[in-house]
$ cat input_33.cif   # mmCIF, C-alpha atoms
data_start
#
loop_
_atom_site.label_atom_id
_atom_site.label_comp_id
_atom_site.auth_asym_id
_atom_site.auth_seq_id
_atom_site.Cartn_x
_atom_site.Cartn_y
_atom_site.Cartn_z
CA MET Z 6 41.92 115.73 -181.03
CA GLU Z 7 42.51 116.58 -184.69
CA THR Z 8 45.11 119.39 -184.28
CA LEU Z 9 47.26 117.07 -182.16
CA LYS Z 10 46.94 114.16 -184.60
CA HIS Z 11 47.86 116.47 -187.49
CA LYS Z 12 50.94 117.64 -185.60
CA ILE Z 13 51.97 114.03 -184.86
CA ILE Z 14 51.63 113.12 -188.55
CA THR Z 15 53.57 116.15 -189.79
CA GLU Z 16 56.26 116.49 -187.09
CA GLY Z 17 56.43 113.18 -185.21
CA ARG Z 18 59.28 110.83 -186.04
CA VAL Z 19 59.21 107.07 -185.57
CA LEU Z 20 62.43 105.48 -184.31
CA PRO Z 21 63.30 101.77 -184.00
CA GLY Z 22 61.73 100.03 -180.99
CA ASN Z 23 58.32 101.66 -181.30
CA VAL Z 24 59.66 105.03 -180.15
CA LEU Z 25 57.68 108.06 -181.32
CA LYS Z 26 59.64 111.29 -181.05
CA VAL Z 27 57.47 114.35 -180.50
CA ASP Z 28 60.22 116.52 -179.08
CA SER Z 29 59.60 119.36 -181.50
CA PHE Z 30 56.20 120.20 -179.94
CA ILE Z 31 55.57 118.15 -176.76
CA ASN Z 32 58.60 117.19 -174.74
CA GLN Z 33 61.59 119.38 -175.42
CA GLN Z 34 60.33 122.19 -177.59
CA ILE Z 35 56.74 122.96 -176.64
CA ASP Z 36 54.12 124.33 -179.00
CA VAL Z 37 52.41 126.52 -176.43
CA ALA Z 38 49.22 127.19 -178.44
CA LEU Z 39 48.75 123.42 -178.94
CA MET Z 40 49.53 122.77 -175.28
CA THR Z 41 46.93 125.36 -174.27
CA GLN Z 42 44.34 123.52 -176.40
CA ILE Z 43 45.40 120.22 -174.81
CA GLY Z 44 44.66 121.69 -171.37
CA GLN Z 45 41.24 122.88 -172.52
CA GLU Z 46 40.46 119.48 -174.02
CA PHE Z 47 41.34 117.61 -170.81
CA ALA Z 48 39.23 120.05 -168.77
CA GLN Z 49 36.29 119.36 -171.10
CA ARG Z 50 36.72 115.57 -171.01
CA PHE Z 51 36.57 115.57 -167.21
CA ALA Z 52 33.91 118.30 -166.96
CA GLY Z 53 31.42 117.76 -164.15
CA LYS Z 54 33.89 115.79 -162.02
CA LYS Z 55 35.11 117.21 -158.73
CA ILE Z 56 38.85 117.79 -159.16
CA ASP Z 57 40.98 119.24 -156.36
CA LYS Z 58 44.43 118.70 -157.80
CA ILE Z 59 46.33 117.61 -160.91
CA LEU Z 60 49.12 115.07 -160.46
CA THR Z 61 51.91 114.34 -162.95
CA ILE Z 62 55.58 113.31 -163.14
CA GLU Z 63 58.52 115.54 -164.12
CA SER Z 64 59.51 116.62 -166.71
CA SER Z 65 57.38 116.00 -169.78
CA GLY Z 66 54.12 115.75 -167.84
CA ILE Z 67 54.44 119.25 -166.40
CA ALA Z 68 53.37 121.25 -169.48
CA PRO Z 69 50.08 119.43 -170.25
CA ALA Z 70 49.32 119.15 -166.53
CA LEU Z 71 49.93 122.86 -165.95
CA MET Z 72 47.71 123.85 -168.88
CA THR Z 73 44.92 121.63 -167.53
CA ALA Z 74 45.32 122.98 -164.00
CA GLN Z 75 45.14 126.52 -165.38
CA VAL Z 76 41.77 125.87 -167.03
CA LEU Z 77 40.39 124.06 -163.98
CA GLY Z 78 41.78 126.60 -161.49
CA VAL Z 79 43.38 123.97 -159.25
CA PRO Z 80 46.97 123.36 -158.05
CA LEU Z 81 49.34 121.02 -159.85
CA VAL Z 82 51.73 118.63 -158.11
CA PHE Z 83 54.53 116.91 -159.96
CA ALA Z 84 56.27 113.81 -158.65
CA ARG Z 85 60.05 114.03 -158.72
CA LYS Z 86 62.21 111.28 -160.13
CA ARG Z 87 65.13 111.46 -157.75
CA LYS Z 88 65.86 112.61 -154.27
CA SER Z 89 67.22 116.13 -153.97
CA LEU Z 90 68.48 118.07 -150.98
CA THR Z 91 65.34 120.16 -150.88
CA LEU Z 92 62.96 117.19 -150.75
CA SER Z 93 61.75 116.27 -147.29
CA ASP Z 94 62.09 112.75 -145.88
CA GLU Z 95 58.34 112.77 -145.40
CA ILE Z 96 57.48 111.47 -148.81
CA PHE Z 97 55.18 109.12 -150.68
CA ALA Z 98 57.32 107.07 -153.08
CA ALA Z 99 56.83 104.45 -155.77
CA LYS Z 100 59.05 102.57 -158.20
CA LEU Z 101 58.40 102.73 -161.91
CA PHE Z 102 59.97 101.20 -164.98
CA SER Z 103 60.60 103.58 -167.85
CA TYR Z 104 59.99 102.21 -171.33
CA THR Z 105 62.16 104.97 -172.81
CA THR Z 106 65.24 104.52 -170.65
CA GLN Z 107 64.71 100.83 -169.76
CA LYS Z 108 65.48 101.58 -166.11
CA TYR Z 109 63.70 101.65 -162.78
CA THR Z 110 63.26 105.08 -161.25
CA ASP Z 111 61.98 106.19 -157.86
CA VAL Z 112 59.23 108.77 -158.03
CA MET Z 113 58.19 110.68 -154.96
CA ILE Z 114 56.15 113.57 -153.68
CA ASP Z 115 56.18 115.36 -150.38
CA LYS Z 116 53.38 114.11 -148.11
CA ARG Z 117 52.21 117.70 -147.56
CA PHE Z 118 51.01 117.89 -151.16
CA LEU Z 119 48.51 115.03 -151.27
CA ALA Z 120 45.85 114.72 -148.59
CA GLU Z 121 43.35 112.03 -147.65
CA GLY Z 122 40.12 112.39 -149.60
CA GLU Z 123 41.46 114.82 -152.22
CA ASN Z 124 40.13 114.27 -155.76
CA VAL Z 125 43.12 113.83 -158.04
CA LEU Z 126 43.32 113.85 -161.84
CA ILE Z 127 46.46 112.29 -163.34
CA ILE Z 128 47.81 113.92 -166.52
CA ASP Z 129 50.81 112.63 -168.47
CA ASP Z 130 52.33 113.00 -171.93
CA PHE Z 131 52.58 109.31 -172.93
CA LEU Z 132 50.88 106.04 -172.04
CA ALA Z 133 52.61 102.86 -173.16
CA ASN Z 134 52.79 100.06 -170.61
CA GLY Z 135 51.22 102.17 -167.90
CA GLN Z 136 54.19 102.18 -165.54
CA ALA Z 137 54.06 105.90 -164.81
CA VAL Z 138 50.32 105.78 -164.09
CA ASP Z 139 50.86 102.72 -161.87
CA GLY Z 140 53.43 104.63 -159.84
CA LEU Z 141 51.12 107.62 -159.41
CA LEU Z 142 48.20 105.32 -158.49
CA ASP Z 143 50.39 103.75 -155.83
CA ILE Z 144 51.16 107.22 -154.42
CA ILE Z 145 47.47 108.22 -154.49
CA GLN Z 146 46.59 105.06 -152.55
CA GLN Z 147 49.32 105.71 -149.97
CA ALA Z 148 47.84 109.17 -149.46
CA GLN Z 149 44.29 107.77 -149.31
CA ALA Z 150 43.36 110.32 -151.94
CA LYS Z 151 40.75 109.59 -154.64
CA LEU Z 152 41.52 109.12 -158.31
CA VAL Z 153 39.15 110.99 -160.64
CA GLY Z 154 40.67 109.70 -163.88
CA VAL Z 155 43.70 109.66 -166.15
CA GLY Z 156 44.34 112.06 -169.07
CA ILE Z 157 47.03 111.14 -171.60
CA VAL Z 158 48.28 113.24 -174.51
CA ILE Z 159 49.52 110.34 -176.67
CA GLU Z 160 48.52 106.72 -176.07
CA LYS Z 161 50.28 103.79 -177.68
CA SER Z 162 47.14 101.68 -177.88
CA PHE Z 163 49.11 98.63 -179.04
CA GLN Z 164 50.81 98.37 -175.64
CA SER Z 165 49.30 97.16 -172.38
CA GLY Z 166 48.65 100.43 -170.52
CA ARG Z 167 45.07 101.10 -171.61
CA GLY Z 168 43.89 97.55 -170.88
CA GLU Z 169 45.37 97.61 -167.39
CA ILE Z 170 43.86 100.99 -166.52
CA GLU Z 171 40.43 100.08 -167.92
CA ALA Z 172 40.50 96.80 -165.99
CA LYS Z 173 40.63 98.89 -162.81
CA GLY Z 174 37.47 100.76 -163.85
CA ILE Z 175 39.31 104.07 -164.23
CA GLN Z 176 38.17 106.76 -166.71
CA LEU Z 177 40.99 107.08 -169.24
CA GLU Z 178 40.98 109.91 -171.79
CA SER Z 179 43.71 109.91 -174.44
CA LEU Z 180 43.85 112.75 -176.97
CA ALA Z 181 45.65 110.73 -179.67
CA LYS Z 182 45.51 106.93 -179.80
CA ILE Z 183 48.18 105.26 -181.86
CA GLY Z 184 47.31 101.83 -183.20
CA SER Z 185 50.65 101.08 -184.82
CA LEU Z 186 54.10 102.48 -185.53
CA ASP Z 187 54.97 99.65 -187.93
CA ASN Z 188 57.07 100.50 -191.00
CA ASN Z 189 57.95 103.89 -189.43
CA GLN Z 190 54.36 104.95 -190.04
CA VAL Z 191 51.96 106.42 -187.48
CA THR Z 192 48.51 104.82 -187.67
CA PHE Z 193 45.77 106.09 -185.34
CA VAL Z 194 43.15 103.84 -183.78
CA ASP Z 195 40.26 105.94 -185.08
CA MET I 4 56.19 141.41 -157.37
CA GLU I 5 54.21 141.73 -154.14
CA THR I 6 52.00 138.60 -154.42
CA LEU I 7 55.12 136.47 -154.89
CA LYS I 8 56.94 138.09 -151.97
CA HIS I 9 53.89 137.61 -149.76
CA LYS I 10 53.77 133.92 -150.71
CA ILE I 11 57.48 133.51 -149.96
CA ILE I 12 57.01 135.10 -146.52
CA THR I 13 53.94 133.02 -145.64
CA GLU I 14 54.83 129.65 -147.22
CA GLY I 15 58.60 129.64 -147.85
CA ARG I 16 60.79 127.71 -145.43
CA VAL I 17 64.44 128.42 -144.76
CA LEU I 18 66.70 125.38 -144.30
CA PRO I 19 70.34 125.25 -143.20
CA GLY I 20 72.84 126.20 -145.91
CA ASN I 21 70.88 129.15 -147.28
CA VAL I 22 68.29 126.84 -148.84
CA LEU I 23 64.86 128.40 -149.37
CA LYS I 24 62.12 125.81 -149.90
CA VAL I 25 59.24 127.05 -152.01
CA ASP I 26 58.00 123.59 -152.98
CA SER I 27 54.43 124.30 -151.87
CA PHE I 28 53.87 126.83 -154.68
CA ILE I 29 56.81 126.91 -157.14
CA ASN I 30 58.71 123.69 -157.60
CA GLN I 31 56.73 120.65 -156.60
CA GLN I 32 53.24 121.87 -155.92
CA ILE I 33 52.49 124.76 -158.24
CA ASP I 34 50.12 127.63 -157.45
CA VAL I 35 48.80 128.01 -160.98
CA ALA I 36 47.16 131.43 -160.47
CA LEU I 37 50.44 132.81 -159.10
CA MET I 38 52.41 131.14 -161.90
CA THR I 39 50.07 132.74 -164.46
CA GLN I 40 50.80 136.16 -162.91
CA ILE I 41 54.53 135.38 -163.01
CA GLY I 42 54.28 134.76 -166.76
CA GLN I 43 52.41 138.04 -167.26
CA GLU I 44 54.99 139.93 -165.20
CA PHE I 45 57.94 138.55 -167.21
CA ALA I 46 56.16 139.41 -170.48
CA GLN I 47 55.71 142.97 -169.20
CA ARG I 48 59.32 143.33 -168.04
CA PHE I 49 60.62 142.36 -171.47
CA ALA I 50 57.88 144.19 -173.42
CA GLY I 51 59.12 145.82 -176.62
CA LYS I 52 61.93 143.30 -177.08
CA LYS I 53 61.86 140.89 -180.00
CA ILE I 54 61.55 137.41 -178.50
CA ASP I 55 61.39 134.29 -180.69
CA LYS I 56 61.74 131.61 -178.05
CA ILE I 57 61.87 130.99 -174.29
CA LEU I 58 64.69 128.78 -172.99
CA THR I 59 64.79 127.08 -169.58
CA ILE I 60 66.05 123.92 -167.83
CA GLU I 61 63.93 121.00 -166.62
CA SER I 62 62.13 120.61 -164.28
CA SER I 63 61.42 123.63 -162.11
CA GLY I 64 61.99 126.15 -164.88
CA ILE I 65 59.26 124.69 -167.07
CA ALA I 66 56.23 126.18 -165.29
CA PRO I 67 57.32 129.86 -165.21
CA ALA I 68 58.81 129.53 -168.71
CA LEU I 69 55.60 128.01 -170.10
CA MET I 70 53.44 130.73 -168.55
CA THR I 71 55.70 133.40 -170.07
CA ALA I 72 55.70 131.71 -173.47
CA GLN I 73 51.90 131.54 -173.34
CA VAL I 74 51.59 135.30 -172.85
CA LEU I 75 54.20 136.08 -175.52
CA GLY I 76 52.84 133.51 -177.99
CA VAL I 77 56.22 131.91 -178.67
CA PRO I 78 57.57 128.34 -178.30
CA LEU I 79 59.37 127.14 -175.20
CA VAL I 80 62.44 124.91 -175.22
CA PHE I 81 63.69 123.21 -172.10
CA ALA I 82 67.20 121.84 -171.75
CA ARG I 83 67.35 118.29 -170.44
CA LYS I 84 69.64 117.29 -167.63
CA ARG I 85 70.64 113.83 -168.82
CA LYS I 86 70.80 111.88 -172.00
CA SER I 87 67.78 109.77 -172.85
CA LEU I 88 67.12 107.34 -175.67
CA THR I 89 64.86 109.83 -177.42
CA LEU I 90 67.47 112.62 -177.46
CA SER I 91 69.39 112.92 -180.71
CA ASP I 92 73.19 112.91 -180.83
CA GLU I 93 72.97 116.24 -182.55
CA ILE I 94 72.91 118.34 -179.42
CA PHE I 95 74.23 121.52 -177.86
CA ALA I 96 75.53 120.64 -174.38
CA ALA I 97 76.99 122.45 -171.39
CA LYS I 98 78.13 121.49 -167.89
CA LEU I 99 76.63 123.16 -164.87
CA PHE I 100 77.16 122.92 -161.14
CA SER I 101 74.01 122.67 -159.05
CA TYR I 102 74.07 124.55 -155.78
CA THR I 103 71.19 122.41 -154.47
CA THR I 104 72.67 118.98 -155.22
CA GLN I 105 76.37 120.00 -155.12
CA LYS I 106 76.99 118.04 -158.34
CA TYR I 107 77.90 118.69 -161.95
CA THR I 108 75.17 117.94 -164.46
CA ASP I 109 75.18 117.90 -168.25
CA VAL I 110 72.42 119.97 -169.80
CA MET I 111 71.61 119.64 -173.47
CA ILE I 112 69.15 120.56 -176.16
CA ASP I 113 68.63 119.18 -179.62
CA LYS I 114 70.29 121.40 -182.24
CA ARG I 115 67.01 121.58 -184.18
CA PHE I 116 65.46 123.70 -181.44
CA LEU I 117 67.84 126.67 -181.37
CA ALA I 118 68.80 128.43 -184.59
CA GLU I 119 71.39 131.05 -185.50
CA GLY I 120 70.04 134.57 -184.99
CA GLU I 121 67.01 133.56 -182.90
CA ASN I 122 66.15 135.95 -180.06
CA VAL I 123 66.07 133.93 -176.85
CA LEU I 124 64.75 134.86 -173.40
CA ILE I 125 66.01 132.69 -170.52
CA ILE I 126 63.51 132.03 -167.70
CA ASP I 127 64.35 130.07 -164.54
CA ASP I 128 62.95 129.61 -161.05
CA PHE I 129 66.08 130.43 -159.00
CA LEU I 130 69.26 132.44 -159.40
CA ALA I 131 72.03 131.83 -156.87
CA ASN I 132 75.54 131.50 -158.26
CA GLY I 133 74.35 131.74 -161.84
CA GLN I 134 75.47 128.27 -162.93
CA ALA I 135 72.23 127.39 -164.72
CA VAL I 136 72.21 130.70 -166.60
CA ASP I 137 75.90 130.18 -167.50
CA GLY I 138 75.07 126.78 -168.99
CA LEU I 139 72.21 128.18 -171.04
CA LEU I 140 74.37 131.13 -172.20
CA ASP I 141 76.98 128.63 -173.35
CA ILE I 142 74.31 126.77 -175.36
CA ILE I 143 72.98 130.03 -176.86
CA GLN I 144 76.51 130.93 -177.97
CA GLN I 145 77.07 127.49 -179.51
CA ALA I 146 73.86 128.00 -181.50
CA GLN I 147 74.88 131.57 -182.45
CA ALA I 148 71.48 132.66 -181.18
CA LYS I 149 70.96 136.04 -179.46
CA LEU I 150 70.20 136.49 -175.77
CA VAL I 151 67.41 138.98 -175.07
CA GLY I 152 67.63 138.80 -171.29
CA VAL I 153 67.20 136.65 -168.20
CA GLY I 154 64.02 136.40 -166.09
CA ILE I 155 64.27 134.83 -162.63
CA VAL I 156 61.43 134.08 -160.22
CA ILE I 157 63.51 134.17 -157.01
CA GLU I 158 66.98 135.67 -156.84
CA LYS I 159 69.35 135.13 -153.93
CA SER I 160 70.92 138.55 -154.22
CA PHE I 161 73.56 137.71 -151.60
CA GLN I 162 75.17 135.20 -153.96
CA SER I 163 77.28 135.90 -157.04
CA GLY I 164 74.80 135.26 -159.89
CA ARG I 165 73.44 138.79 -160.34
CA GLY I 166 76.87 140.41 -160.36
CA GLU I 167 78.19 138.01 -162.98
CA ILE I 168 75.18 138.44 -165.27
CA GLU I 169 75.19 142.24 -164.93
CA ALA I 170 78.93 142.30 -165.67
CA LYS I 171 78.10 140.81 -169.07
CA GLY I 172 75.67 143.67 -169.79
CA ILE I 173 72.64 141.36 -169.78
CA GLN I 174 69.15 142.59 -168.77
CA LEU I 175 68.26 140.63 -165.63
CA GLU I 176 64.73 140.79 -164.19
CA SER I 177 64.09 139.02 -160.90
CA LEU I 178 60.59 139.04 -159.43
CA ALA I 179 61.71 138.57 -155.80
CA LYS I 180 65.19 139.54 -154.62
CA ILE I 181 66.30 138.00 -151.37
CA GLY I 182 68.95 139.93 -149.47
CA SER I 183 69.44 137.46 -146.66
CA LEU I 184 68.23 134.15 -145.22
CA ASP I 185 70.13 134.63 -141.95
CA ASN I 186 68.49 133.39 -138.75
CA ASN I 187 65.96 131.41 -140.84
CA GLN I 188 64.39 134.71 -141.85
CA VAL I 189 63.66 135.89 -145.38
CA THR I 190 64.73 139.50 -145.94
CA PHE I 191 64.09 141.09 -149.34
CA VAL I 192 66.46 143.57 -150.97
CA ASP I 193 63.76 146.21 -151.44
#

$ encode --input "input_33.cif" --output "structure tokens"
Amino acid sequence: METLKHKIITEGRVLPGNVLKVDSFINQQIDVALMTQIGQEFAQRFAGKKIDKILTIESSGIAPALMTAQVLGVPLVFARKRKSLTLSDEIFAAKLFSYTTQKYTDVMIDKRFLAEGENVLIIDDFLANGQAVDGLLDIIQQAQAKLVGVGIVIEKSFQSGRGEIEAKGIQLESLAKIGSLDNNQVTFVD
Amino acid sequence: METLKHKIITEGRVLPGNVLKVDSFINQQIDVALMTQIGQEFAQRFAGKKIDKILTIESSGIAPALMTAQVLGVPLVFARKRKSLTLSDEIFAAKLFSYTTQKYTDVMIDKRFLAEGENVLIIDDFLANGQAVDGLLDIIQQAQAKLVGVGIVIEKSFQSGRGEIEAKGIQLESLAKIGSLDNNQVTFVD
């Protein structure tokens, strides 16, 4: 997706430890026109598939997931990262390791929001080692729902996530694939 | 906003402690058609005002804020609730007390995303005692930005938030105003 790649080149910032900051347009300030295009692009990449629901994780996944759900005309569900007073005990939960914070987090969704046999598309902002997707896959399996595929805004193709998802035979669509962040420089795969 | 009130009556659940759960359409599962209407309604209520940016707090504020930003064609910024590795030290921060979790939380945004003189519209999902709005007002003042107004999806009119915001002369637009949750029953103000 050329507009996204252009934005990453012009506004993305590479920090030590292979961290790519895109907080000026993806995950703190949101470029809404770009995010709308991202939703349209995901809808196109999974066109022809039966999709009942979009699944993501708070907070940075919500914007691209919502834009995709808007185009597809289906509900969005976001997994929460910690237990709150308003979350029921009747939950599906999974543990995931965050590359960014270097910590384990519990993610959970209310059992009412994912039903057996539902066709679920996962959307998230980043794919690195695939921990977030793993957690959501675990939840989808607990619910006996069906995974349609995984849509990622920015993939770090030099980390293990893509290989692990492909090994499971899952359709993975990433809008920008980063081959390297060496020397503080963003290099795309294609 | 009648469609929202109808949804609250049919799907909202009242829990002890004046908690209204709307997680089946607002803050875990999202009814995207309703959320799109919510964005259009906020844009209409603040029509004619100069708005440069929408400001909200993760996570539940993101969806209504994004839908509003989409209609207005302006960027959205969401305040984060805890420090992460990818958040710069150059931040505006404020403390807020959450009615739901009964805890203090730090909220913060990167200083790059709020500039002196910018016209900012606050959008959030709930207004109860006004703590979230207070925190965002504090951040807007630190940035020397200008507050255009506050848009709230669901207001608990029996708590102190509205009075405090009105006392500051701020335009407050709430799409559903709840007068009481007594006897596990939702009663609207009008």

$ closest_atom_pairs --input "input_33.cif" --of "chain Z" --to "chain I" --cutoff "10 Å" --atoms "only C-alpha atoms" --output "tab-separated table"
residue	atom	partner	partner_atom	distance
Z:Leu20	CA	I:Thr89	CA	8.5
Z:Val24	CA	I:Thr89	CA	7.6
Z:Leu25	CA	I:Thr89	CA	8.4
Z:Lys26	CA	I:Thr89	CA	6.5
Z:Val27	CA	I:Thr89	CA	9.2
Z:Asp28	CA	I:Thr89	CA	8.3
Z:Ser29	CA	I:Phe116	CA	7.3
Z:Phe30	CA	I:Pro78	CA	8.4
Z:Ile31	CA	I:Val80	CA	9.8
Z:Asn32	CA	I:Phe81	CA	8.3
Z:Gln33	CA	I:Phe81	CA	5.5
Z:Gln34	CA	I:Val80	CA	4.2
Z:Ile35	CA	I:Leu79	CA	5.1
Z:Asp36	CA	I:Pro78	CA	5.3
Z:Val37	CA	I:Pro78	CA	5.8
Z:Ala38	CA	I:Gln73	CA	7.2
Z:Met40	CA	I:Gln73	CA	9.3
Z:Thr41	CA	I:Gln73	CA	8.0
Z:Lys58	CA	I:Gln32	CA	9.5
Z:Ile59	CA	I:Gln32	CA	9.5
Z:Leu60	CA	I:Gln32	CA	9.2
Z:Ile62	CA	I:Ser62	CA	9.9
Z:Glu63	CA	I:Ser62	CA	6.2
Z:Ser64	CA	I:Ser62	CA	5.4
Z:Ser65	CA	I:Ser62	CA	8.6
Z:Ile67	CA	I:Ala66	CA	7.2
Z:Ala68	CA	I:Ala66	CA	7.1
Z:Ala70	CA	I:Ala66	CA	9.9
Z:Leu71	CA	I:Ala66	CA	7.2
Z:Met72	CA	I:Met70	CA	9.0
Z:Thr73	CA	I:Val35	CA	9.9
Z:Ala74	CA	I:Val35	CA	6.8
Z:Gln75	CA	I:Val35	CA	5.9
Z:Val76	CA	I:Val35	CA	9.5
Z:Leu77	CA	I:Val35	CA	9.8
Z:Gly78	CA	I:Val35	CA	7.2
Z:Val79	CA	I:Val35	CA	7.0
Z:Pro80	CA	I:Asp34	CA	5.3
Z:Leu81	CA	I:Ile33	CA	5.1
Z:Val82	CA	I:Gln32	CA	4.2
Z:Phe83	CA	I:Gln31	CA	5.5
Z:Ala84	CA	I:Gln31	CA	7.2
Z:Arg85	CA	I:Gln31	CA	7.7
Z:Lys88	CA	I:Thr104	CA	9.4
Z:Ser89	CA	I:Thr104	CA	6.3
Z:Leu90	CA	I:Thr104	CA	6.0
Z:Thr91	CA	I:Lys24	CA	6.6
Z:Leu92	CA	I:Asp26	CA	8.4
Z:Ser93	CA	I:Lys24	CA	9.9
Z:Tyr104	CA	I:Leu88	CA	9.8
Z:Thr105	CA	I:Leu88	CA	6.2
Z:Thr106	CA	I:Leu88	CA	6.1
Z:Gln107	CA	I:Leu88	CA	9.1
Z:Ile114	CA	I:Gln31	CA	7.7
Z:Asp115	CA	I:Gln31	CA	8.2
Z:Arg117	CA	I:Ser27	CA	8.2
Z:Phe118	CA	I:Gln32	CA	6.6
Z:Leu119	CA	I:Gln32	CA	9.5

$ closest_residue --input "input_33.cif" --among "Z:Met6, Z:Ile127, Z:Leu101, Z:Val138" --to "Phe51 in chain Z" --atoms "all atoms listed in the file"
Z:Ile127

$ residues_around --input "input_33.cif" --residues "range 96-99 of chain Z" --least-positions-apart "5" --cutoff "9 Å" --atoms "only C-alpha atoms" --output "list in words"
Ala84, Thr110, Asp111, Val112, Met113, Ile114, Asp115, Lys116, Arg117, Leu119, Asp139, Gly140, Leu141, Asp143, Ile144, Ile145, Gln147 and Ala148 of chain Z

$ residues_around --input "input_33.cif" --residues "Leu186 in chain Z" --least-positions-apart "2" --cutoff "12 Å" --atoms "all atoms listed in the file" --output "PyMOL selection string"
chain Z and resi 13-14+17-26+160-164+182-184+188-194

$ resolve_selection --input "input_33.cif" --expression "the PyMOL selection byres ((chain Z and resi 9) around 9)" --output "count of residues only"
14

$ atom_distance --input "input_33.cif" --atom1 "CA of Gly122 in chain Z" --atom2 "CA of Lys151 in chain Z"
5.8 Å

$ closest_residue --input "input_33.cif" --among "Z:Leu177, Z:Ile128, Z:Leu142, Z:Ala133" --to "Thr61 in chain Z" --atoms "all atoms listed in the file"
Z:Ile128

$ residues_around --input "input_33.cif" --residues "Leu152 in chain Z" --least-positions-apart "2" --cutoff "9 Å" --atoms "all atoms listed in the file" --output "list in words"
Glu123, Asn124, Val125, Leu126, Ile127, Leu142, Ile145, Gln146, Ala150, Gly154, Val155 and Ile175 of chain Z

$ atom_distance --input "input_33.cif" --atom1 "CA of Asn134 in chain Z" --atom2 "CA of Arg167 in chain Z"
7.9 Å

$ closest_residue --input "input_33.cif" --among "Z:Thr15, Z:Gln49, Z:Gln136, Z:Gln149" --to "Glu169 in chain Z" --atoms "all atoms listed in the file"
Z:Gln136

$ atom_distance --input "input_33.cif" --atom1 "CA of Gly166 in chain I" --atom2 "CA of Ala50 in chain I"
23.4 Å

$ build_atoms --input "input_33.cif" --residues "range 174-185 of chain I" --atoms "N, CA, C and O atoms" --output "mmCIF file, keeping the file's coordinate frame"
data_model
loop_
_atom_site.group_PDB
_atom_site.id
_atom_site.type_symbol
_atom_site.label_atom_id
_atom_site.label_comp_id
_atom_site.auth_asym_id
_atom_site.auth_seq_id
_atom_site.Cartn_x
_atom_site.Cartn_y
_atom_site.Cartn_z
ATOM 1 N N GLN I 174 70.328 142.148 -169.542
ATOM 2 C CA GLN I 174 69.150 142.590 -168.770
ATOM 3 C C GLN I 174 68.665 141.437 -167.889
ATOM 4 O O GLN I 174 68.291 140.371 -168.387
ATOM 5 N N LEU I 175 68.679 141.653 -166.582
ATOM 6 C CA LEU I 175 68.260 140.630 -165.630
ATOM 7 C C LEU I 175 67.061 141.140 -164.844
ATOM 8 O O LEU I 175 67.129 142.189 -164.212
ATOM 9 N N GLU I 176 65.948 140.407 -164.917
ATOM 10 C CA GLU I 176 64.730 140.790 -164.190
ATOM 11 C C GLU I 176 64.374 139.685 -163.209
ATOM 12 O O GLU I 176 64.054 138.565 -163.612
ATOM 13 N N SER I 177 64.444 139.990 -161.922
ATOM 14 C CA SER I 177 64.090 139.020 -160.900
ATOM 15 C C SER I 177 62.845 139.502 -160.160
ATOM 16 O O SER I 177 62.782 140.665 -159.756
ATOM 17 N N LEU I 178 61.890 138.618 -159.983
ATOM 18 C CA LEU I 178 60.590 139.040 -159.430
ATOM 19 C C LEU I 178 60.613 139.150 -157.909
ATOM 20 O O LEU I 178 59.822 139.882 -157.331
ATOM 21 N N ALA I 179 61.497 138.409 -157.252
ATOM 22 C CA ALA I 179 61.710 138.570 -155.800
ATOM 23 C C ALA I 179 63.207 138.486 -155.557
ATOM 24 O O ALA I 179 63.861 137.530 -155.982
ATOM 25 N N LYS I 180 63.743 139.501 -154.892
ATOM 26 C CA LYS I 180 65.190 139.540 -154.620
ATOM 27 C C LYS I 180 65.419 139.383 -153.132
ATOM 28 O O LYS I 180 65.016 140.234 -152.335
ATOM 29 N N ILE I 181 66.095 138.297 -152.783
ATOM 30 C CA ILE I 181 66.300 138.000 -151.370
ATOM 31 C C ILE I 181 67.685 138.471 -150.937
ATOM 32 O O ILE I 181 68.703 138.060 -151.500
ATOM 33 N N GLY I 182 67.698 139.347 -149.948
ATOM 34 C CA GLY I 182 68.950 139.930 -149.470
ATOM 35 C C GLY I 182 69.639 139.049 -148.444
ATOM 36 O O GLY I 182 70.864 139.046 -148.333
ATOM 37 N N SER I 183 68.849 138.297 -147.695
ATOM 38 C CA SER I 183 69.440 137.460 -146.660
ATOM 39 C C SER I 183 68.449 136.373 -146.212
ATOM 40 O O SER I 183 67.228 136.576 -146.229
ATOM 41 N N LEU I 184 69.019 135.223 -145.842
ATOM 42 C CA LEU I 184 68.230 134.150 -145.220
ATOM 43 C C LEU I 184 68.766 133.859 -143.815
ATOM 44 O O LEU I 184 68.497 132.820 -143.228
ATOM 45 N N ASP I 185 69.529 134.802 -143.283
ATOM 46 C CA ASP I 185 70.130 134.630 -141.950
ATOM 47 C C ASP I 185 69.064 134.447 -140.883
ATOM 48 O O ASP I 185 67.964 134.994 -140.974
#
